[in-house]
Structures are given as C-alpha cells and as structure tokens.
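Data first, discussion second: the structure below is written as structure tokens.
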Number of protein chains: 2
Amino acid sequence: MITEETGSGTREAAEAAVLENEEAEIASAAGKAEGGVTGAVRRKLESRRKLMAAARKLFVERGYHETRPQDISREAGVGHGTFYLHFEDKLDCFLAFTEQAAEELEVFLEAHLAGANSLEDGIREILLAIFEYSDANPGVLAATLTDVSVLSKGDTGRKMPADRWAESWIKALEHWKATGEALADLDSRLAGYLIVGAIKQGGAYGFRQKLDRDTLIDGMTRLFVRALKK
Amino acid sequence: MITEETGSGTREAAEAAVLENEEAEIASAAGKAEGGVTGAVRRKLESRRKLMAAARKLFVERGYHETRPQDISREAGVGHGTFYLHFEDKLDCFLAFTEQAAEELEVFLEAHLAGANSLEDGIREILLAIFEYSDANPGVLAATLTDVSVLSKGDTGRKMPADRWAESWIKALEHWKATGEALADLDSRLAGYLIVGAIKQGGAYGFRQKLDRDTLIDGMTRLFVRALKK
DNA sequence: GGATCAAAATGACAAAATGTCAATAAACCC
DNA sequence: GGGTTTATTGACATTTTGTCATTTTGATCC
C-alpha cells in the first residue's frame with residue numbers, strides 16, 4: 001500500500017505557503033470573515049480558495065503542461081479527490097484561473113481609465129496599464145491569454161479572456177466614435193478583436209526581444225491611433 | 001495477451017485511405033519515384049510520409065487533444081513504435097505538421113504576390129489568398145496557428161509558423177517602405193507581428209460570427225492600410 | 001542464391017497522467 | 001448525542017504516452 005502523500009506534517013506547511021500569498025484572508029484562519037459564511041459552506045469555499053490560489057501559483061510558475069492536478073492539491077494542502085470535487089477536470093481548473101485573472105485585469109484597467117481620455121491618451125493609458133499589471137503579476141497575463149483550443153474537445157462553451165478583453169476595447173471604441181474622435185463608420189467589433197490579437201502577438205514579440213517598454217507602447221499606440229482616428 | 005491492433009487486414013485499408021490523398025505519389029507504390037531513392041532509405045521516407053499525412057488528417061479533423069499517437073500510426077498503417085521512431089513525441093509530430101503547413105501557405109502566398117502590388121492592393125491580395133488557402137484546406141490554418149505554449153515544457157526551440165509568417169509580412173512592409181508607400185519610420189518588425197496577431201484573432205472572430213468574407217477582408221484592409229500608409 | 005550484417009519496424013510492456021468512488025470525517029439539526 | 005447530510009480523502013482504475021527487446025526487411029558479399 002503506497003500512501004498518496006499529503007502527509008499530515010506536510011499538509012499545514014503547504015497550506016501556510018499558499019496563505020502567505022493572501023492578504024485580507026489571514027483573519028479567516030481564525031474562523032470568521034468570508035462574508036460571515038460559516039460551517040459547511042465556508043469549509044467548501046475555503047477549499048476552493050486554496051485550490052485556486054495553488055492553481056494560479058503553479059500554472060504561472062510551471063505552465064499548464066507541467067502542472068499536475070496532484071501538484072495543485074498538494075500545494076493547496078487538500079486531498080487529491082477534492083480537486084475533482086471543485087473542478088470538472090484539469091482544463092476546467094485552468095479556465096477558472098484565467099477567468100479570475102481576466103476579471104482582475106478588467107477591474108485594474110477600468111480603474112486606470114476612470115477619466116474620459118482622448119483617443120490617443122486613452123490607448124496609451126490602456127497599454128501602460130496592461131504592462132503595469134503584467135509587471136505586478138508576472139506570467140499571469142501570458143497564461144491568461146494562452147489559446148486552449150488545443151486542449152479542448154471542441155468548444156469549451158465558455159467566454160475566453162481574450163473575448164472579454166475584446167469587449168472592453170469595443171466599448172472604448174464606441175465611446176471614441178461617439179465623441180467624434182474615431183472613424184464614424186468604424187466596425188468597432190472587428191477592430192476590437194484585431195487590437196486584442198495585435199497586442200497579444202506584439203506583446204509576446206516585445207517580451208521575447210526584451211524591447212524597451214516605452215518603445216513598444218509608442219509603436220503600438222502610433223499604429224492603433226493612425227488606424228482608428230478620424 | 002491483448003494484441004495491439006493494426007491487424008494485417010486493416011493495415012492495407014488504412015494505408016490506402018491515406019494514399020488516396022496523395023497525388024504524384026501513386027507511382028511510388030510501384031517502387032520507383034521519390035527522387036530515385038530506393039531501398040531502406042526510401043522505406044523510411046515512405047513511413048514518414050504516411051505518418052505525416054495521417055497526422056495532418058487527424059489533427060485537422062479531431063484536433064490535437066483528441067488525436068492519439070496510436071491513432072496516427074493506425075491511420076498511417078504502420079506500427080505504433082514507428083511513430084516514435086520518426087517523432088520525438090506527440091508535440092514534435094504536431095510541430096512537424098504545422099511547419100509543413102506553414103511552408104505550404106508561404107509558397108501559396110508568394111505565388112499570389114508575384115506582381116509588385118501597391119500597398120493597399122497587396123494587403124488585400126494577401127488576405128484574399130489566406131482565405132482562399134483556408135477554403136482549400138479547411139482547418140489547417142487554424143491548427144497551424146494554434147499556440148502550443150500550453151503543451152511545451154518551456155521553449156520548443158523551434159520557429160513557430162506565426163513567426164515565419166510575421167517575417168513574410170516584415171519583408172512586404174520593408175518593400176512598401178522602399179517604394180515610399182508606407183510610413184518612412186515604420187517599425188516593420190513590430191508592425192509585422194501586430195498584423196499577424198490581428199489576422200489570427202480577427203480571422204477567428206470572423207469565422208465564429210460567420211462574417212461575410214468580403215466584409216472581413218475590407219474591414220481588415222482598411223485598418224491596416226490606414227495604419228501603415230504614409 | 002544464401003549467409004551475413006545493418007537499418008527499420010513492430011507491438012507487448014512500462015510509466016506517467018488523469019479521473020473515480022467507496023469509505024470516512026466534519027458539520028448540522030432535532 | 002445520535003441520525004442525517006455534505007465535504008473530504010486517498011487507494012484504485014482508466015487512459016494516454018512512451019520504451020525496448022525482438023523480428024522483419026533490404027543491402028552486400030561470396
């Protein structure tokens with residue numbers, strides 16, 4: 001009989017490691033917080049939170065392929081079976097992670113776009129914010145935007161981060177159309193997707209080549225503005 | 001003892017199915033062709049060709065995830081071990097397929113760009129050719145451009161189709177800079193990558209939405225031209 | 001033409017990765 | 001505090017991938 005790890009001694013250590021990365025959640029260890037939820041519900045929520053934190057850590061550090069569901073469970077300090085209690089399968093877990101990160105980035109970008117900016121300033125501001133987020137969360141953006149079509153049997157039936165992101169751009173483009181700064185007959189939907197694709201590929205290129213960030217932002221901004229401006 | 005399939009009866013049938021897709025290779029069944037190569041070398045080449053054809057068929061039809069190395073071997077009419085004789089692993093096989101397709105597309109595009117076109121006509125022409133290729137080879141383009149970062153332990157050390165494709169665009173952009181049609185101080189390298197990304201994402205969007213092809217090409221051409229033209 | 005050698009192919013087997021489920025523990029309720 | 005529900009657990013089963021000893025095939029030499 002070969003025991004499956006998560007030895008009790010290891011357990012708390014692993015969980016502690018995950019919790020370190022949490023901020024406002026430390027209080028929860030005492031048995032409160034989490035919106036007052038308590039008992040069984042809270043227990044389940046806590047497991048999920050730990051799994052999500054572990055998944056994020058490992059997917060970012062090692063990538064999808066090199067991360068085993070087992071690894072995530074161990075890192076989270078829960079049993080292996082618990083993983084499949086919270087996620088359909090490995091892909092489902094990965095998608096949950098990307099959706100979380102996409103949500104996070106969206107909030108971050110909204111915050112950086114509160115003021116009504118001109119088309120050029122707005123675009124530059126968004127790109128700047130993206131790089132800022134990427135610095136603060138190394139690897140997350142790349143992981144989030146990876147194409148999972150190669151992993152899924154057909155359509156995942158989910159809204160991918162890139163699509164969500166495109167929607168944000170579309171909203172912004174519509175705004176600039178309304179202010180009369182952007183082409184009046186611009187197809188905002190198509191343009192939104194083109195921009196997202198350009199940023200993905202261009203960003204990867206810039207990262208590989210270790211391009212100076214300002215150069216990259218300037219280059220992108222210039223082309224985007226030229227394409228969109230009235 | 002559970003036999004591993006590829007029963008002799010099935011064998012020829014499978015191989016025949018693959019051979020159907022071949023054109024000039026039928027003669028090779030007689031024992032000649034293939035550049036005069038014969039014997040052992042030729043035998044190996046033949047195996048690889050059959051495997052490549054089978055891999056392409058299955059990767060396109062079912063996708064990466066749903067295609068087992070076993071399936072490819074069976075479809076090719078060779079033993080399972082032969083697969084690993086020709087490819088490092090499944091990813092290696094997939095990359096070989098994408099490289100083949102990328103090569104093919106490149107040749108196709110070159111042929112469609114023989115004449116020295118103006119910037120706008122040239123861009124439109126390239127996009128048109130891409131869609132034409134995509135029609136003639138359904139699924140191949142999508143498969144080729146998929147991001148495999150999610151499958152590889154670190155860098156694959158290979159030049160991906162998207163990069164190759166970007167290089168083509170860069171060359172074209174340099175040409176238009178030389179003719180004075182494109183921005184004199186354009187960063188062709190960055191622009192090349194941005195365009196490839198835009199086409200990937202925009203193409204996927206158009207496909208999903210079943211956009212009219214001309215609408216899609218017009219929309220893309222317009223934005224690209226505006227961004228690049230002097 | 002058959003004995004010999006080298007390259008290629010084969011498929012049973014092994015390892016790795018993913019996913020399941022009966023048994024157990026924890027929380028809940030009366 | 002015991003009966004019930006819900007979450008957790010890890011040994012086990014399945015699937016997928018990869019290996020290697022053995023066999024087959026074709027070239028070479030006599």
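Each chain of the structure tokens is named A, B, ... in the order shown, its residues numbered from 1; ligands are numbered from 1 in display order.
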Exercise. Please identify every residue of chain D that has at least one atom no more than 8 Å from any atom of chain B, counting only C-alpha atoms (C1' of nucleotides), and report them as number ranges by chain.
Key: D: 16, 18, 26-27
Residues from the last selection, N, CA, C and O atoms (P, O5', C5', C4', C3', O3' and C1' of nucleotides), saved as an mmCIF file, in the first residue's frame:
```cif
data_model
loop_
_atom_site.group_PDB
_atom_site.id
_atom_site.type_symbol
_atom_site.label_atom_id
_atom_site.label_comp_id
_atom_site.auth_asym_id
_atom_site.auth_seq_id
_atom_site.Cartn_x
_atom_site.Cartn_y
_atom_site.Cartn_z
ATOM 1 P P DT D 16 -7.821 8.520 -23.707
ATOM 2 O "O5'" DT D 16 -6.264 8.868 -23.718
ATOM 3 C "C5'" DT D 16 -5.770 9.870 -22.847
ATOM 4 C "C4'" DT D 16 -4.258 9.810 -22.828
ATOM 5 C "C3'" DT D 16 -3.596 9.697 -24.211
ATOM 6 O "O3'" DT D 16 -2.878 10.900 -24.419
ATOM 7 C "C1'" DT D 16 -2.576 8.255 -22.609
ATOM 8 P P DG D 18 4.721 11.318 -25.293
ATOM 9 O "O5'" DG D 18 5.615 10.062 -24.914
ATOM 10 C "C5'" DG D 18 6.118 9.941 -23.580
ATOM 11 C "C4'" DG D 18 6.814 8.599 -23.407
ATOM 12 C "C3'" DG D 18 7.933 8.311 -24.414
ATOM 13 O "O3'" DG D 18 9.067 7.885 -23.679
ATOM 14 C "C1'" DG D 18 6.485 6.474 -24.261
ATOM 15 P P DG D 26 11.632 -5.110 -48.310
ATOM 16 O "O5'" DG D 26 13.125 -4.639 -48.593
ATOM 17 C "C5'" DG D 26 13.549 -3.378 -48.102
ATOM 18 C "C4'" DG D 26 15.050 -3.341 -48.054
ATOM 19 C "C3'" DG D 26 15.752 -3.665 -49.387
ATOM 20 O "O3'" DG D 26 16.754 -2.704 -49.596
ATOM 21 C "C1'" DG D 26 16.659 -4.964 -47.675
ATOM 22 P P DA D 27 17.393 -2.453 -51.026
ATOM 23 O "O5'" DA D 27 18.940 -2.577 -50.736
ATOM 24 C "C5'" DA D 27 19.532 -1.651 -49.819
ATOM 25 C "C4'" DA D 27 20.838 -2.223 -49.318
ATOM 26 C "C3'" DA D 27 21.854 -2.542 -50.417
ATOM 27 O "O3'" DA D 27 23.071 -1.908 -50.107
ATOM 28 C "C1'" DA D 27 21.581 -4.387 -48.968
#
```
Exercise. Please return, as JSON, numbers by chain, all residues of chain C lying within 8 Å of chain A when only C-alpha atoms (C1' of nucleotides) are considered.
Key: {"C": [17, 19, 27]}
For N, CA and C atoms (P, O5', C5', C4', C3', O3' and C1' of nucleotides), I'd like the residues from the last selection saved as a PDB file, in the first residue's frame.
```pdb
ATOM      1  P    DA C  17       4.015  12.842 -15.740  1.00  0.00           P
ATOM      2  O5'  DA C  17       2.450  12.936 -15.983  1.00  0.00           O
ATOM      3  C5'  DA C  17       1.943  12.874 -17.298  1.00  0.00           C
ATOM      4  C4'  DA C  17       0.453  12.677 -17.243  1.00  0.00           C
ATOM      5  C3'  DA C  17      -0.277  13.610 -16.265  1.00  0.00           C
ATOM      6  O3'  DA C  17      -1.120  14.441 -17.043  1.00  0.00           O
ATOM      7  C1'  DA C  17      -1.058  11.348 -16.100  1.00  0.00           C
ATOM      8  P    DG C  19      -8.761  14.696 -16.381  1.00  0.00           P
ATOM      9  O5'  DG C  19      -9.555  13.536 -15.625  1.00  0.00           O
ATOM     10  C5'  DG C  19      -9.887  12.354 -16.358  1.00  0.00           C
ATOM     11  C4'  DG C  19     -10.479  11.307 -15.428  1.00  0.00           C
ATOM     12  C3'  DG C  19     -11.612  11.794 -14.529  1.00  0.00           C
ATOM     13  O3'  DG C  19     -12.665  10.844 -14.628  1.00  0.00           O
ATOM     14  C1'  DG C  19     -10.027  10.636 -13.258  1.00  0.00           C
ATOM     15  P    DA C  27     -15.873  20.976  11.190  1.00  0.00           P
ATOM     16  O5'  DA C  27     -17.430  21.108  10.898  1.00  0.00           O
ATOM     17  C5'  DA C  27     -17.847  21.712   9.676  1.00  0.00           C
ATOM     18  C4'  DA C  27     -19.326  21.455   9.488  1.00  0.00           C
ATOM     19  C3'  DA C  27     -20.238  22.248  10.437  1.00  0.00           C
ATOM     20  O3'  DA C  27     -21.164  22.945   9.637  1.00  0.00           O
ATOM     21  C1'  DA C  27     -20.872  19.977  10.348  1.00  0.00           C
TER      22       DA C  27
END
```
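Remark: chain A fitted onto chain B over every Cα atom in order; resulting RMSD 0.1 Å.
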Practice problem: Calculate how many Å separate C1' of DT14 (chain D) from C1' of DT20 (chain C), rounding to one decimal. | Solution: 9.1 Å
Find the residues of chain B that sit at most 6 Å from chain A; for each, write down the nearest two atoms and how far apart they are in Å, to one decimal. Count only C-alpha atoms. Sort by chain, then by number going up, and give it as a tab-separated table.
```
residue	atom	partner	partner_atom	distance
B:Tyr64	CA	A:Val150	CA	5.6
B:His65	CA	A:Leu151	CA	5.3
B:Asp147	CA	A:Asp147	CA	5.7
B:Val150	CA	A:Tyr64	CA	5.6
B:Leu151	CA	A:His65	CA	5.3
B:Tyr193	CA	A:Gly202	CA	5.5
B:Leu194	CA	A:Ala198	CA	4.2
B:Gly197	CA	A:Gly197	CA	4.4
B:Ala198	CA	A:Leu194	CA	4.2
B:Gln201	CA	A:Gly197	CA	4.8
B:Gly202	CA	A:Leu194	CA	5.1
B:Leu223	CA	A:Ala227	CA	5.0
B:Arg226	CA	A:Ala227	CA	4.8
B:Ala227	CA	A:Ala227	CA	4.4
```
Self-check item: Exercise: Ser73 (chain B) partners within 8 Å, only C-alpha atoms (C1' of nucleotides), chain neighbours under 6 positions left out, as a VMD selection string
Solution: chain B and resid 51 54 79 to 80 82 to 83
Practice problem: Calculate how many Å separate CA of Lys230 (chain B) from CA of Asn117 (chain B), rounding to one decimal. | Solution: 15.9 Å
Region 93-220 of chain B: residues DSSP assigns to helix (DSSP H, G or I), reported as a compact mmCIF listing (two decimals) with C-alpha atoms, in the first residue's frame:
```txt
# COMPACT_ATOMS: atom_id res chain seq x y z
CA CYS B 93 4.80 15.45 -34.57
CA PHE B 94 2.34 18.29 -34.26
CA LEU B 95 5.06 20.86 -34.80
CA ALA B 96 6.26 18.98 -37.87
CA PHE B 97 2.73 19.21 -39.20
CA THR B 98 2.41 22.93 -38.53
CA GLU B 99 5.77 23.57 -40.14
CA GLN B 100 4.74 21.69 -43.21
CA ALA B 101 1.52 23.66 -43.45
CA ALA B 102 3.30 26.94 -42.84
CA GLU B 103 5.70 26.15 -45.65
CA GLU B 104 2.79 25.35 -47.90
CA LEU B 105 0.97 28.57 -47.09
CA GLU B 106 4.13 30.56 -47.62
CA VAL B 107 4.58 29.15 -51.10
CA PHE B 108 0.94 29.77 -51.84
CA LEU B 109 1.18 33.39 -50.73
CA GLU B 110 4.38 34.02 -52.68
CA ALA B 111 2.65 32.78 -55.80
CA LEU B 119 0.30 48.70 -50.53
CA GLU B 120 -3.45 48.55 -50.48
CA ASP B 121 -3.80 46.03 -53.29
CA GLY B 122 -1.02 43.97 -51.87
CA ILE B 123 -2.59 43.73 -48.45
CA ARG B 124 -5.96 42.91 -49.89
CA GLU B 125 -4.36 40.31 -52.11
CA ILE B 126 -2.60 38.62 -49.23
CA LEU B 127 -5.75 38.48 -47.15
CA LEU B 128 -7.66 37.11 -50.09
CA ALA B 129 -5.03 34.45 -50.64
CA ILE B 130 -5.16 33.47 -46.98
CA PHE B 131 -8.88 32.89 -47.13
CA GLU B 132 -8.51 31.02 -50.37
CA TYR B 133 -5.95 28.72 -48.83
CA SER B 134 -8.15 28.31 -45.80
CA ASP B 135 -11.06 27.25 -48.01
CA ALA B 136 -8.95 24.80 -49.93
CA VAL B 140 -5.33 23.61 -41.48
CA LEU B 141 -4.74 27.29 -40.92
CA ALA B 142 -6.44 27.29 -37.55
CA ALA B 143 -4.46 24.24 -36.47
CA THR B 144 -1.24 25.72 -37.74
CA PRO B 161 4.52 29.32 -38.03
CA ALA B 162 3.28 32.63 -36.69
CA ASP B 163 6.86 33.88 -36.52
CA ARG B 164 7.62 32.72 -40.01
CA TRP B 165 4.52 34.40 -41.18
CA ALA B 166 5.46 37.60 -39.42
CA GLU B 167 8.76 37.50 -41.29
CA SER B 168 6.89 37.44 -44.58
CA TRP B 169 4.89 40.46 -43.59
CA ILE B 170 8.03 42.25 -42.48
CA LYS B 171 9.57 41.66 -45.87
CA ALA B 172 6.50 43.04 -47.59
CA LEU B 173 6.42 46.05 -45.30
CA GLU B 174 10.06 46.79 -46.00
CA HIS B 175 9.24 46.69 -49.67
CA TRP B 176 6.47 49.24 -49.28
CA LYS B 177 8.74 51.41 -47.22
CA ALA B 178 11.24 51.31 -50.06
CA SER B 188 8.36 46.94 -39.73
CA ARG B 189 9.22 44.21 -37.31
CA LEU B 190 6.73 45.29 -34.69
CA ALA B 191 4.13 46.02 -37.36
CA GLY B 192 4.60 42.58 -38.88
CA TYR B 193 3.86 40.88 -35.60
CA LEU B 194 0.92 43.15 -34.84
CA ILE B 195 -0.61 42.32 -38.20
CA VAL B 196 -0.20 38.59 -37.74
CA GLY B 197 -1.81 38.78 -34.33
CA ALA B 198 -4.64 40.89 -35.68
CA ILE B 199 -5.30 38.47 -38.52
CA LYS B 200 -5.29 35.48 -36.19
CA GLN B 201 -7.73 36.96 -33.73
CA GLY B 202 -9.79 38.75 -36.36
CA GLY B 203 -9.97 35.67 -38.51
CA ALA B 204 -11.15 33.55 -35.62
CA TYR B 205 -13.75 36.17 -34.77
CA GLY B 206 -14.96 36.35 -38.36
CA PHE B 207 -15.17 32.60 -38.61
CA ARG B 208 -17.16 32.26 -35.41
CA ARG B 213 -15.63 37.19 -46.27
CA ASP B 214 -15.51 40.40 -48.26
CA THR B 215 -16.70 42.39 -45.30
CA LEU B 216 -13.94 40.88 -43.23
CA ILE B 217 -11.25 41.50 -45.81
CA ASP B 218 -12.42 45.03 -46.43
CA GLY B 219 -12.51 45.81 -42.74
CA MET B 220 -9.03 44.45 -42.13
```
